[in-house]
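File shown: data27.txt (compact mmCIF, C-alpha atoms and all ligand atoms).
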# COMPACT_ATOMS: atom_id res chain seq x y z
CA MET A 1 17.19 8.97 65.16
CA GLU A 2 17.94 7.56 61.73
CA THR A 3 21.68 7.47 61.01
CA ILE A 4 21.26 8.60 57.39
CA THR A 5 18.64 11.27 56.88
CA THR A 6 18.81 11.35 53.09
CA PHE A 7 16.91 8.08 52.73
CA GLY A 8 13.33 8.74 51.64
CA PRO A 9 10.13 7.13 50.36
CA LEU A 10 11.65 5.92 47.09
CA THR A 11 15.06 4.72 48.30
CA PRO A 12 15.45 1.08 47.23
CA ALA A 13 15.67 -1.30 50.20
CA ALA A 14 18.94 -2.77 48.90
CA GLU A 15 20.61 0.65 49.17
CA ILE A 16 19.67 0.78 52.84
CA ALA A 17 20.97 -2.73 53.57
CA ALA A 18 24.20 -1.81 51.73
CA ALA A 19 24.69 1.19 54.02
CA PHE A 20 24.78 -1.08 57.10
CA PRO A 21 26.45 -4.30 55.87
CA SER A 22 27.61 -5.46 59.30
CA SER A 23 23.98 -5.58 60.51
CA VAL A 24 23.30 -8.28 57.91
CA GLN A 25 26.53 -10.08 57.03
CA GLY A 26 26.69 -13.54 58.62
CA LYS A 27 23.36 -13.03 60.42
CA ASN A 28 20.32 -15.27 60.62
CA ILE A 29 17.17 -13.60 59.35
CA ILE A 30 13.51 -14.62 59.08
CA VAL A 31 10.99 -12.88 56.83
CA THR A 32 7.33 -13.98 56.91
CA GLY A 33 4.97 -13.73 53.94
CA VAL A 34 7.43 -14.24 51.11
CA SER A 35 5.90 -14.86 47.70
CA PRO A 36 6.45 -13.56 44.15
CA ASN A 37 5.70 -9.83 43.73
CA SER A 38 5.39 -9.19 47.44
CA LEU A 39 7.02 -6.93 50.00
CA GLY A 40 8.27 -10.07 51.74
CA LEU A 41 10.31 -11.11 48.70
CA ALA A 42 11.66 -7.57 48.20
CA THR A 43 12.65 -7.45 51.88
CA ALA A 44 14.38 -10.85 51.70
CA ASP A 45 16.14 -9.76 48.49
CA ALA A 46 17.54 -6.63 50.15
CA PHE A 47 18.92 -8.68 53.02
CA ALA A 48 20.30 -11.30 50.62
CA CYS A 49 22.44 -8.74 48.83
CA GLN A 50 24.47 -8.26 52.03
CA SER A 51 25.25 -11.95 52.62
CA PRO A 52 23.38 -13.15 55.69
CA ALA A 53 24.39 -16.66 56.82
CA ASN A 54 20.86 -18.08 56.88
CA LEU A 55 17.79 -16.57 55.26
CA ILE A 56 14.62 -18.24 56.44
CA VAL A 57 11.77 -17.61 54.06
CA THR A 58 8.27 -18.34 55.32
CA GLY A 59 4.92 -18.60 53.61
CA ARG A 60 1.84 -20.79 53.64
CA SER A 61 2.26 -21.99 50.06
CA TYR A 62 5.15 -24.32 49.33
CA ASP A 63 5.15 -23.39 45.63
CA LYS A 64 5.33 -19.64 46.32
CA VAL A 65 8.10 -20.03 48.88
CA GLU A 66 10.10 -22.27 46.52
CA ALA A 67 9.61 -19.84 43.60
CA SER A 68 10.85 -17.02 45.83
CA ILE A 69 13.92 -18.97 46.94
CA THR A 70 14.70 -19.89 43.31
CA SER A 71 14.67 -16.22 42.36
CA LEU A 72 16.83 -15.25 45.39
CA ARG A 73 19.29 -18.08 44.76
CA SER A 74 19.74 -17.09 41.11
CA LYS A 75 21.04 -13.69 42.28
CA TYR A 76 22.76 -14.63 45.54
CA PRO A 77 23.82 -18.29 45.35
CA ASN A 78 26.08 -18.39 48.42
CA ILE A 79 23.44 -18.01 51.12
CA GLN A 80 21.79 -20.86 53.01
CA TYR A 81 18.07 -20.58 52.25
CA HIS A 82 15.45 -22.33 54.37
CA ALA A 83 11.83 -22.74 53.29
CA LEU A 84 9.56 -22.65 56.32
CA ILE A 85 5.93 -23.43 55.61
CA MET A 86 3.67 -21.74 58.15
CA ASP A 87 -0.01 -20.81 57.97
CA LEU A 88 -0.21 -17.91 60.40
CA ALA A 89 -3.97 -18.34 60.74
CA SER A 90 -3.43 -21.79 62.26
CA GLN A 91 -1.91 -21.96 65.72
CA SER A 92 -0.88 -25.59 65.24
CA SER A 93 0.92 -24.68 62.00
CA VAL A 94 2.70 -21.80 63.77
CA ARG A 95 3.73 -24.10 66.62
CA ASP A 96 5.11 -26.68 64.14
CA ALA A 97 7.10 -24.01 62.28
CA ALA A 98 8.51 -22.52 65.49
CA ALA A 99 9.52 -25.99 66.67
CA LYS A 100 11.47 -26.49 63.42
CA ILE A 101 13.41 -23.26 64.06
CA ASN A 102 14.02 -24.13 67.70
CA GLN A 103 15.24 -27.64 66.84
CA ASP A 104 17.59 -26.57 64.03
CA ASP A 105 21.12 -26.49 65.46
CA LYS A 106 22.45 -24.91 62.26
CA ILE A 107 20.44 -21.79 63.20
CA PRO A 108 21.52 -21.11 66.80
CA THR A 109 20.29 -17.50 66.87
CA ILE A 110 17.81 -15.24 65.10
CA ASP A 111 19.18 -11.72 64.62
CA ILE A 112 16.34 -10.18 62.64
CA LEU A 113 12.69 -11.23 62.42
CA VAL A 114 10.43 -9.37 59.99
CA ASN A 115 6.77 -10.17 60.68
CA ASN A 116 5.60 -9.06 57.27
CA ALA A 117 2.85 -11.45 56.13
CA GLY A 118 -0.63 -10.05 55.96
CA VAL A 119 -4.09 -10.26 54.49
CA MET A 120 -6.42 -7.32 53.87
CA ALA A 121 -10.13 -6.68 53.47
CA ILE A 122 -11.53 -10.20 53.48
CA PRO A 123 -15.05 -9.46 52.19
CA ALA A 124 -17.09 -11.52 54.68
CA LEU A 125 -16.47 -12.49 58.29
CA THR A 126 -14.43 -15.70 58.46
CA LEU A 127 -13.05 -17.44 61.52
CA SER A 128 -9.77 -19.34 61.70
CA GLU A 129 -9.68 -23.00 62.71
CA ASP A 130 -9.05 -21.68 66.24
CA GLY A 131 -12.26 -19.62 66.13
CA ILE A 132 -10.64 -16.20 65.70
CA GLU A 133 -11.45 -13.61 63.01
CA THR A 134 -9.06 -14.54 60.19
CA THR A 135 -7.41 -11.14 59.65
CA PHE A 136 -6.58 -10.73 63.34
CA ALA A 137 -5.52 -14.38 63.57
CA THR A 138 -3.17 -14.02 60.59
CA ASN A 139 -1.78 -10.51 60.87
CA HIS A 140 -1.39 -10.30 64.65
CA LEU A 141 -1.98 -13.50 66.58
CA GLY A 142 0.08 -15.84 64.38
CA HIS A 143 3.01 -13.44 64.57
CA PHE A 144 2.53 -12.99 68.34
CA LEU A 145 2.72 -16.75 68.86
CA PHE A 146 5.61 -17.35 66.42
CA THR A 147 7.73 -14.50 67.85
CA ASN A 148 7.27 -15.61 71.42
CA LEU A 149 7.97 -19.26 70.66
CA ILE A 150 11.30 -18.47 68.95
CA LEU A 151 12.21 -15.64 71.36
CA PRO A 152 14.94 -17.64 73.15
CA LYS A 153 16.93 -17.68 69.87
CA ILE A 154 16.35 -13.94 69.39
CA ILE A 155 17.56 -13.25 72.93
CA LYS A 156 20.61 -15.42 72.29
CA ALA A 157 21.42 -13.30 69.22
CA ALA A 158 21.25 -10.12 71.29
CA GLN A 159 23.54 -11.60 73.92
CA ARG A 160 26.14 -12.60 71.34
CA SER A 161 26.08 -9.72 68.87
CA SER A 162 27.07 -6.07 68.90
CA THR A 163 24.88 -5.25 65.88
CA PRO A 164 21.11 -4.65 66.17
CA THR A 165 18.79 -7.49 67.12
CA ARG A 166 15.38 -6.46 65.85
CA ILE A 167 11.78 -7.60 65.56
CA ILE A 168 9.90 -5.71 62.86
CA ASN A 169 6.12 -5.76 62.59
CA VAL A 170 4.78 -4.58 59.24
CA THR A 171 1.71 -2.44 59.92
CA SER A 172 -0.12 0.09 57.75
CA PHE A 173 -1.29 3.68 57.74
CA GLY A 174 -4.71 1.96 57.64
CA HIS A 175 -4.39 1.22 61.37
CA GLN A 176 -5.81 4.72 61.89
CA PHE A 177 -9.30 3.49 61.01
CA SER A 178 -9.73 1.35 64.11
CA PRO A 179 -8.45 0.65 67.60
CA VAL A 180 -8.38 -2.93 68.84
CA ARG A 181 -11.96 -3.94 69.74
CA PHE A 182 -11.06 -5.67 72.98
CA SER A 183 -14.71 -6.41 73.75
CA ASP A 184 -15.48 -7.65 70.23
CA ILE A 185 -12.42 -9.14 68.50
CA ASN A 186 -14.65 -11.32 66.31
CA PHE A 187 -16.96 -8.59 65.01
CA SER A 188 -20.38 -9.33 66.38
CA LYS A 189 -21.29 -5.70 67.20
CA ARG A 190 -22.06 -2.51 65.25
CA ALA A 191 -19.83 0.48 65.95
CA ALA A 192 -22.53 2.17 68.07
CA ASP A 193 -22.69 -0.88 70.35
CA LEU A 194 -18.96 -0.76 71.13
CA PRO A 195 -17.40 1.26 73.99
CA THR A 196 -16.37 4.66 72.60
CA ALA A 197 -12.65 3.88 72.87
CA GLU A 198 -13.04 0.79 70.67
CA ARG A 199 -15.10 2.31 67.87
CA PRO A 200 -13.76 2.54 64.33
CA ASP A 201 -13.39 6.03 62.87
CA LEU A 202 -16.65 6.21 60.90
CA GLU A 203 -16.05 9.74 59.64
CA LYS A 204 -12.68 8.88 58.18
CA THR A 205 -14.12 5.66 56.73
CA GLU A 206 -16.88 7.60 55.01
CA PHE A 207 -14.36 10.09 53.63
CA PHE A 208 -12.17 7.33 52.22
CA THR A 209 -14.77 4.80 51.06
CA GLY A 210 -17.95 6.82 50.51
CA SER A 211 -19.82 4.96 53.26
CA SER A 212 -19.36 5.02 57.04
CA HIS A 213 -20.24 1.32 57.42
CA ALA A 214 -21.83 2.33 60.74
CA GLU A 215 -24.48 -0.38 60.55
CA ASP A 216 -22.10 -3.21 59.59
CA THR A 217 -21.03 -5.63 62.27
CA TYR A 218 -18.15 -6.81 60.05
CA TYR A 219 -16.36 -4.70 57.45
CA GLY A 220 -13.10 -5.93 55.88
CA PHE A 221 -11.23 -2.65 56.25
CA PHE A 222 -12.17 -2.47 59.94
CA SER A 223 -10.78 -5.96 60.56
CA TYR A 224 -7.60 -4.99 58.68
CA ALA A 225 -7.31 -1.74 60.67
CA GLN A 226 -7.78 -3.56 63.99
CA SER A 227 -5.04 -6.06 63.08
CA LYS A 228 -2.65 -3.29 61.96
CA THR A 229 -3.18 -1.40 65.23
CA ALA A 230 -2.39 -4.67 67.00
CA ASN A 231 0.89 -4.88 65.03
CA ILE A 232 2.00 -1.53 66.51
CA LEU A 233 0.83 -2.35 70.04
CA PHE A 234 2.74 -5.64 69.77
CA SER A 235 5.94 -3.69 69.03
CA VAL A 236 5.22 -1.44 72.04
CA ALA A 237 4.77 -4.46 74.33
CA LEU A 238 7.89 -6.22 72.98
CA ASN A 239 9.95 -3.11 73.70
CA GLN A 240 8.59 -2.93 77.23
CA ARG A 241 9.85 -6.47 77.79
CA LEU A 242 13.03 -6.63 75.72
CA TRP A 243 14.64 -3.23 75.22
CA ALA A 244 16.01 -2.43 78.68
CA GLN A 245 16.95 -6.00 79.53
CA TYR A 246 18.39 -7.26 76.23
CA GLY A 247 18.72 -4.27 73.90
CA ILE A 248 16.26 -5.88 71.49
CA ALA A 249 14.13 -3.26 69.74
CA SER A 250 10.88 -3.69 67.86
CA PHE A 251 9.59 -1.22 65.30
CA ALA A 252 6.27 -1.11 63.44
CA VAL A 253 6.64 -0.11 59.83
CA HIS A 254 4.22 1.31 57.25
CA PRO A 255 5.53 0.47 53.76
CA GLY A 256 3.44 3.00 51.80
CA ALA A 257 1.18 2.17 48.86
CA VAL A 258 2.86 -0.67 47.00
CA GLY A 259 1.66 -2.64 43.97
CA THR A 260 1.68 -6.19 45.40
CA ASN A 261 -1.02 -8.84 45.81
CA ILE A 262 -2.43 -7.22 48.98
CA ASN A 263 -5.44 -5.82 47.12
CA ARG A 264 -6.67 -9.23 46.00
CA HIS A 265 -9.88 -8.94 48.07
CA ALA A 266 -10.55 -5.24 47.36
CA THR A 267 -12.18 -3.84 44.24
CA PRO A 268 -9.91 -1.61 42.07
CA SER A 269 -12.40 1.28 42.39
CA GLU A 270 -12.25 1.12 46.22
CA ILE A 271 -8.46 1.24 46.16
CA GLU A 272 -8.41 4.04 43.59
CA GLN A 273 -10.83 6.13 45.66
CA ALA A 274 -8.88 5.56 48.90
CA LEU A 275 -5.59 6.59 47.27
CA LYS A 276 -7.22 9.68 45.79
CA ARG A 277 -8.53 10.65 49.21
CA ALA A 278 -5.14 10.04 50.83
CA ALA A 279 -3.54 12.38 48.28
CA GLU A 280 -6.21 15.01 49.07
CA LEU A 281 -5.20 14.81 52.73
CA GLY A 282 -1.61 15.52 51.74
CA PHE A 283 -0.23 12.00 52.06
CA ASP A 284 2.20 10.81 49.46
CA ALA A 285 0.02 8.06 48.01
CA ALA A 286 2.07 7.51 44.86
CA SER A 287 2.57 3.84 44.25
CA LYS A 288 5.99 2.43 45.16
CA THR A 289 7.69 -0.64 43.75
CA PRO A 290 8.12 -3.54 46.20
CA GLU A 291 11.87 -2.72 46.31
CA GLN A 292 11.00 0.80 47.49
CA GLY A 293 8.15 -0.35 49.73
CA ALA A 294 10.52 -2.69 51.61
CA ASN A 295 12.84 0.20 52.52
CA SER A 296 11.39 1.07 55.92
CA SER A 297 11.34 -2.59 57.05
CA VAL A 298 15.01 -2.92 56.14
CA LEU A 299 15.92 0.41 57.74
CA ALA A 300 14.13 -0.57 60.96
CA ALA A 301 16.02 -3.88 60.96
CA VAL A 302 19.55 -2.65 60.26
CA ASP A 303 20.06 0.98 61.32
CA PRO A 304 21.87 0.94 64.69
CA GLY A 305 21.08 4.65 65.14
CA LEU A 306 17.39 4.02 65.75
CA SER A 307 16.58 4.00 69.41
CA LEU A 308 13.37 4.04 71.36
CA VAL A 309 12.64 7.31 73.06
CA ASP A 310 10.61 6.19 76.05
CA VAL A 311 9.31 2.66 76.21
CA ALA A 312 7.61 3.10 79.57
CA ALA A 313 5.46 6.09 78.64
CA ASP A 314 1.70 6.00 78.19
CA GLU A 315 2.18 7.21 74.63
CA VAL A 316 5.32 5.55 73.34
CA THR A 317 7.29 7.46 70.73
CA GLY A 318 9.86 6.32 68.19
CA VAL A 319 8.17 3.01 67.41
CA TYR A 320 6.37 3.77 64.10
CA ILE A 321 8.43 4.16 60.93
CA ALA A 322 7.27 5.22 57.46
CA ASP A 323 9.20 6.42 54.43
CA CYS A 324 12.50 5.64 56.21
CA ARG A 325 11.75 7.97 59.11
CA VAL A 326 10.41 7.72 62.61
CA ASP A 327 6.91 9.10 62.09
CA ASP A 328 5.28 9.86 65.45
CA ALA A 329 2.93 12.37 63.80
CA ASN A 330 1.05 9.75 61.79
CA VAL A 331 0.52 7.01 64.34
CA ALA A 332 -2.75 6.88 66.25
CA ARG A 333 -2.53 7.28 70.02
CA PHE A 334 -4.59 4.13 70.53
CA ALA A 335 -1.76 2.26 68.78
CA THR A 336 1.09 3.51 70.99
CA ASN A 337 -0.52 3.41 74.43
CA GLY A 338 1.49 1.25 76.83
CA HIS A 339 -1.59 0.13 78.80
CA LEU A 340 -3.40 -0.99 75.66
CA ALA A 341 -0.24 -2.83 74.58
CA GLU A 342 -0.34 -4.77 77.87
CA LYS A 343 -4.06 -5.43 77.44
CA LEU A 344 -3.43 -6.82 73.96
CA TRP A 345 -0.59 -8.99 75.27
CA SER A 346 -2.91 -10.54 77.89
CA LEU A 347 -5.70 -11.00 75.36
CA SER A 348 -3.30 -12.66 72.92
CA GLU A 349 -1.93 -14.99 75.59
CA GLY A 350 -5.51 -16.01 76.35
CA LEU A 351 -6.27 -16.66 72.69
CA VAL A 352 -3.17 -18.86 72.20
CA GLN A 353 -3.63 -20.41 75.65
CA GLN A 354 -0.04 -19.83 76.68
CA LYS A 355 1.67 -17.24 78.87
CA PHE A 356 4.92 -15.60 77.74
CA GLU A 357 6.94 -13.75 80.35
N1 LIG A 401 1.16 -3.25 49.59
C1 LIG A 401 0.76 -2.21 50.28
O1 LIG A 401 0.36 -1.17 49.70
C2 LIG A 401 0.77 -2.23 51.77
C3 LIG A 401 0.44 -1.05 52.47
C4 LIG A 401 0.45 -1.07 53.85
C5 LIG A 401 0.82 -2.22 54.52
N2 LIG A 401 1.13 -3.36 53.82
C6 LIG A 401 1.50 -4.56 54.59
O2 LIG A 401 2.64 -5.16 54.00
C7 LIG A 401 2.67 -6.55 54.32
C8 LIG A 401 3.03 -7.34 53.09
O3 LIG A 401 1.98 -7.26 52.16
P1 LIG A 401 2.18 -7.23 50.59
O4 LIG A 401 1.80 -5.87 50.14
O5 LIG A 401 3.47 -7.79 50.20
O6 LIG A 401 0.98 -8.19 50.14
P2 LIG A 401 1.00 -9.62 49.44
O7 LIG A 401 1.72 -9.55 48.14
O8 LIG A 401 -0.41 -10.07 49.44
O9 LIG A 401 1.87 -10.50 50.43
C9 LIG A 401 1.34 -10.93 51.65
C10 LIG A 401 2.05 -12.20 52.06
O10 LIG A 401 1.44 -12.67 53.26
C11 LIG A 401 1.12 -14.04 53.07
N3 LIG A 401 0.00 -14.51 53.87
C12 LIG A 401 -1.30 -14.15 53.81
N4 LIG A 401 -2.02 -14.90 54.66
C13 LIG A 401 -1.16 -15.76 55.27
C14 LIG A 401 -1.30 -16.80 56.22
N5 LIG A 401 -2.49 -17.15 56.74
N6 LIG A 401 -0.20 -17.47 56.60
C15 LIG A 401 1.01 -17.16 56.09
N7 LIG A 401 1.21 -16.22 55.16
C16 LIG A 401 0.13 -15.51 54.76
C17 LIG A 401 0.79 -14.14 51.59
O11 LIG A 401 0.81 -15.51 51.18
P3 LIG A 401 -0.20 -16.02 50.01
O12 LIG A 401 0.28 -15.37 48.77
O13 LIG A 401 -0.05 -17.48 50.06
O14 LIG A 401 -1.57 -15.52 50.41
C18 LIG A 401 1.90 -13.31 51.01
O15 LIG A 401 3.09 -14.04 50.93
C19 LIG A 401 1.30 -6.86 54.93
O16 LIG A 401 1.44 -6.99 56.32
C20 LIG A 401 0.46 -5.65 54.59
O17 LIG A 401 -0.54 -5.42 55.54
C21 LIG A 401 1.12 -3.38 52.48
Can the structure in the file be given as structure tokens, please?
Amino acid sequence: METITTFGPLTPAAEIAAAFPSSVQGKNIIVTGVSPNSLGLATADAFACQSPANLIVTGRSYDKVEASITSLRSKYPNIQYHALIMDLASQSSVRDAAAKINQDDKIPTIDILVNNAGVMAIPALTLSEDGIETTFATNHLGHFLFTNLILPKIIKAAQRSSTPTRIINVTSFGHQFSPVRFSDINFSKRAADLPTAERPDLEKTEFFTGSSHAEDTYYGFFSYAQSKTANILFSVALNQRLWAQYGIASFAVHPGAVGTNINRHATPSEIEQALKRAAELGFDAASKTPEQGANSSVLAAVDPGLSLVDVAADEVTGVYIADCRVDDANVARFATNGHLAEKLWSLSEGLVQQKFE
């Protein structure tokens, strides 16, 4: 249960961090996907205002990471900032970045990891250098590998600290459009050729976009939805491994509709239509600023009152957060199923060719 129930969709993230200063002060925090005008930068900014010891800012572009650190340093000069260049779509880049964290004695623990970076709606099927569909490789698999490689430092934080040790995966309401296609991660099949449990929601897709995309093998919003479902299942699987033993919790967070660079691959008319449809369904689709959009990530990272209801259940509750509230009503069952979370863990281990237990 959230400690403060008056926080809502438009609460600025900094206000939330300020309500729980001891969860941030003197801590070591990593945020992925930090660049100007992004949720990553707004999230890092909210942490920075409560004086963490080390703020590790990751991105794939050196210039964007440096620009972000310059803006953070101008407001909060007394924090140690670390630029970590990591292309999440490249397993060798992720391994290099994780090795830098693991070898840095000035950062003995990681208290909070926010897996925030993401890409949406790449128009045509592309594969990463490791041969994996780029959206899944970036949004899920890169974060899966990075988190597991630096996990010893996260566990060390939990063993030393009485404040929350958290792993946050930034997902999206858009996960509802597709389960993980375990038999077709790389999009070679039409929906009708998939097992029923792996099919995207064609009806909902038609309602939101005007076309069901039933005949497409690849569709950019399906690849995004698959990856965002994987983000939630990854939180479920992390909790199954880490909550009882170490008290480390993982939450999956939907930020809301936020004016960032996420729409770079989508046409404005597609986005406009989808938001209109969301409003028709009763969802609050009003655009938030990045400072507001980062609020649920920060809440999930710092509020000690949040606890997982039942990590062992088939349908895990308490793991999905939106608008600063646990939001079990709006998370798809295929995204909170403990067996599917285990299946995804095994699949991911296979794809990175390393076991993590
Ligand atoms: N904005 C929204 O309305 C909304 C709604 C629901 C969920 N989300 C989620 O919120 C998260 C943050 O997105 P945002 O809205 O802040 O979008 P954004 O402004 O596009 O930021 C995304 C960040 O991810 C980085 N990134 C993309 N591909 C990467 C890769 N291969 N390796 C490393 N970093 C990579 C981007 O770096 P580059 O700039 O170098 O590409 C950028 O820093 C995403 O996970 C997204 O799915 C956003």
With all atoms listed in the file counted and 6 Å as the cut-off, give the residues of chain A in contact with ligand LIG 401 (chain A), each with its shortest interatomic distance in Å and the pair that gives it, as a Markdown table.
| residue | atom | partner | partner_atom | distance |
| --- | --- | --- | --- | --- |
| A:Gly33 | CA | A:LIG401 | O15 | 3.6 |
| A:Val34 | CA | A:LIG401 | O15 | 4.3 |
| A:Ser35 | CA | A:LIG401 | O15 | 4.4 |
| A:Asn37 | CA | A:LIG401 | O7 | 5.9 |
| A:Ser38 | CA | A:LIG401 | O5 | 3.6 |
| A:Leu39 | CA | A:LIG401 | O5 | 3.7 |
| A:Gly40 | CA | A:LIG401 | O5 | 5.5 |
| A:Gly59 | CA | A:LIG401 | N7 | 4.7 |
| A:Arg60 | CA | A:LIG401 | C15 | 4.5 |
| A:Ser61 | CA | A:LIG401 | O13 | 5.1 |
| A:Met86 | CA | A:LIG401 | C15 | 5.7 |
| A:Asp87 | CA | A:LIG401 | N6 | 3.6 |
| A:Leu88 | CA | A:LIG401 | N6 | 3.8 |
| A:Ala89 | CA | A:LIG401 | N5 | 4.4 |
| A:Asn116 | CA | A:LIG401 | O16 | 4.7 |
| A:Ala117 | CA | A:LIG401 | O10 | 3.4 |
| A:Gly118 | CA | A:LIG401 | O16 | 3.7 |
| A:Val119 | CA | A:LIG401 | C12 | 4.8 |
| A:Thr138 | CA | A:LIG401 | N5 | 5.0 |
| A:Val170 | CA | A:LIG401 | O16 | 5.0 |
| A:Thr171 | CA | A:LIG401 | C5 | 5.5 |
| A:Ser172 | CA | A:LIG401 | C5 | 4.1 |
| A:His254 | CA | A:LIG401 | C4 | 5.6 |
| A:Pro255 | CA | A:LIG401 | C4 | 5.3 |
| A:Gly256 | CA | A:LIG401 | C3 | 5.1 |
| A:Ala257 | CA | A:LIG401 | O1 | 3.5 |
| A:Val258 | CA | A:LIG401 | O1 | 3.7 |
| A:Gly259 | CA | A:LIG401 | N1 | 5.7 |
| A:Thr260 | CA | A:LIG401 | O7 | 4.3 |
| A:Asn261 | CA | A:LIG401 | O7 | 3.7 |
| A:Ile262 | CA | A:LIG401 | O8 | 3.5 |
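With CA of Arg160 in chain A on one side and CA of Ile16 in chain A on the other, the separation reads 23.7 Å.
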Write out as CSV the residues of range 177-198 of chain A that have any atom within 9 Å of an atom of range 226-232 of chain A, one row each with the nearest atom pair and its distance in Å to one decimal, counting only C-alpha atoms, sorted by chain and then rising number.
residue,atom,partner,partner_atom,distance
A:Phe177,CA,A:Gln226,CA,7.8
A:Ser178,CA,A:Gln226,CA,5.3
A:Pro179,CA,A:Gln226,CA,5.6
A:Val180,CA,A:Gln226,CA,4.9
A:Arg181,CA,A:Gln226,CA,7.1
A:Ile185,CA,A:Gln226,CA,8.5
Residues from last step as file, C-alpha atoms, as a compact mmCIF listing (two decimals), in the coordinates of the input:
# COMPACT_ATOMS: atom_id res chain seq x y z
CA PHE A 177 -9.30 3.49 61.01
CA SER A 178 -9.73 1.35 64.11
CA PRO A 179 -8.45 0.65 67.60
CA VAL A 180 -8.38 -2.93 68.84
CA ARG A 181 -11.96 -3.94 69.74
CA ILE A 185 -12.42 -9.14 68.50
### Task
Kindly provide, as a ChimeraX atom specification, the polymer residues lying within 9 Å of (18.5, 0.2, 60.8), counting all atoms listed in the file and using the coordinates exactly as they appear in the file.
/A:2-3,16-17,20,23,164,166,296-306
Selected residues written out with C-alpha atoms, as a JSON list (two decimals), keeping the file's coordinate frame:
[["chain", "number", "residue", "atom", "x", "y", "z"],
["A", 2, "GLU", "CA", 17.94, 7.56, 61.73],
["A", 3, "THR", "CA", 21.68, 7.47, 61.01],
["A", 16, "ILE", "CA", 19.67, 0.78, 52.84],
["A", 17, "ALA", "CA", 20.97, -2.73, 53.57],
["A", 20, "PHE", "CA", 24.78, -1.08, 57.10],
["A", 23, "SER", "CA", 23.98, -5.58, 60.51],
["A", 164, "PRO", "CA", 21.11, -4.65, 66.17],
["A", 166, "ARG", "CA", 15.38, -6.46, 65.85],
["A", 296, "SER", "CA", 11.39, 1.07, 55.92],
["A", 297, "SER", "CA", 11.34, -2.59, 57.05],
["A", 298, "VAL", "CA", 15.01, -2.92, 56.14],
["A", 299, "LEU", "CA", 15.92, 0.41, 57.74],
["A", 300, "ALA", "CA", 14.13, -0.57, 60.96],
["A", 301, "ALA", "CA", 16.02, -3.88, 60.96],
["A", 302, "VAL", "CA", 19.55, -2.65, 60.26],
["A", 303, "ASP", "CA", 20.06, 0.98, 61.32],
["A", 304, "PRO", "CA", 21.87, 0.94, 64.69],
["A", 305, "GLY", "CA", 21.08, 4.65, 65.14],
["A", 306, "LEU", "CA", 17.39, 4.02, 65.75]]
### Message
Could you list, as a PyMOL selection string, every residue within 9 Å of Phe7 in chain A, counting all atoms listed in the file and ignoring same-chain residues fewer than 5 positions away?
### Response
chain A and resi 16+295+323-325
### Message
As an exercise, work out the distance from CA of Thr209 in chain A to CA of Ser183 in chain A in Å and give it to one decimal place.
### Response
25.3 Å
### Query
Quick one, how far is CA of Ala294 in chain A from CA of Glu15 in chain A?
10.9 Å
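Restricting the calculation to only C-alpha atoms, the smallest distance between Ile150 in chain A and any of A:Thr336, A:Gln103, A:Ser212, A:Thr317 is found for A:Gln103.
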### Task
Could you tell me which of A:Phe182, A:Ala46, A:His143, A:Ser162 comes closest to Leu347 in chain A if we count only C-alpha atoms?
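Using only C-alpha atoms, Leu347 in chain A sits closest to A:Phe182.
Candidate residues A:Gln240, A:Asn28, A:Thr196, A:Asn169 were compared for distance to Val316 in chain A, and the nearest is A:Gln240, using only C-alpha atoms.
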### Query
Which one is closest to Ser235 in chain A: A:Glu272, A:Phe187, A:Glu133, A:Trp345? Count all atoms listed in the file.
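When distances to Ser235 in chain A are compared using all atoms listed in the file, the smallest one comes from A:Trp345.
Across A:Phe222, A:Thr43, A:Ala252, A:Val114, the tightest approach to Gly293 in chain A is made by A:Thr43 when counting all atoms listed in the file.
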### Task
Enumerate, as number ranges by chain, the protein, DNA and RNA residues whose atoms approach (3.1, -23.3, 66.1) to within 12 Å, taking into account all atoms listed in the file and the coordinate frame of the file.
A: 84-102, 141-150, 352, 354
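For the set A:Ala225, A:Leu55, A:Leu10, A:Leu194, the residue with the smallest atom-to-atom gap to Ser287 in chain A is A:Leu10, counting only C-alpha atoms.
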### Task
Tell me which protein, DNA and RNA residues are within 10 Å of Ile79 in chain A, counting all atoms listed in the file, leaving out same-chain ones fewer than 2 positions away, and put them as a PyMOL selection string.
chain A and resi 26+48-55+72-73+76-77+81-82
Contacts of Arg241 in chain A within 12 Å, all atoms listed in the file, excl. fewer than 2 positions in-chain, as a short mmCIF file (atom, residue, chain, number, x, y, z; two decimals) with C-alpha atoms, in the frame of the given file:
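Result file follows (part-v3.cif):
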data_model
loop_
_atom_site.label_atom_id
_atom_site.label_comp_id
_atom_site.auth_asym_id
_atom_site.auth_seq_id
_atom_site.Cartn_x
_atom_site.Cartn_y
_atom_site.Cartn_z
CA ASN A 148 7.27 -15.61 71.42
CA LEU A 151 12.21 -15.64 71.36
CA ILE A 155 17.56 -13.25 72.93
CA PHE A 234 2.74 -5.64 69.77
CA SER A 235 5.94 -3.69 69.03
CA VAL A 236 5.22 -1.44 72.04
CA ALA A 237 4.77 -4.46 74.33
CA LEU A 238 7.89 -6.22 72.98
CA ASN A 239 9.95 -3.11 73.70
CA TRP A 243 14.64 -3.23 75.22
CA ALA A 244 16.01 -2.43 78.68
CA GLN A 245 16.95 -6.00 79.53
CA TYR A 246 18.39 -7.26 76.23
CA GLY A 247 18.72 -4.27 73.90
CA ILE A 248 16.26 -5.88 71.49
CA ALA A 249 14.13 -3.26 69.74
CA SER A 250 10.88 -3.69 67.86
CA VAL A 311 9.31 2.66 76.21
CA ALA A 312 7.61 3.10 79.57
CA GLY A 338 1.49 1.25 76.83
CA ALA A 341 -0.24 -2.83 74.58
CA GLU A 342 -0.34 -4.77 77.87
CA TRP A 345 -0.59 -8.99 75.27
CA PHE A 356 4.92 -15.60 77.74
CA GLU A 357 6.94 -13.75 80.35
#
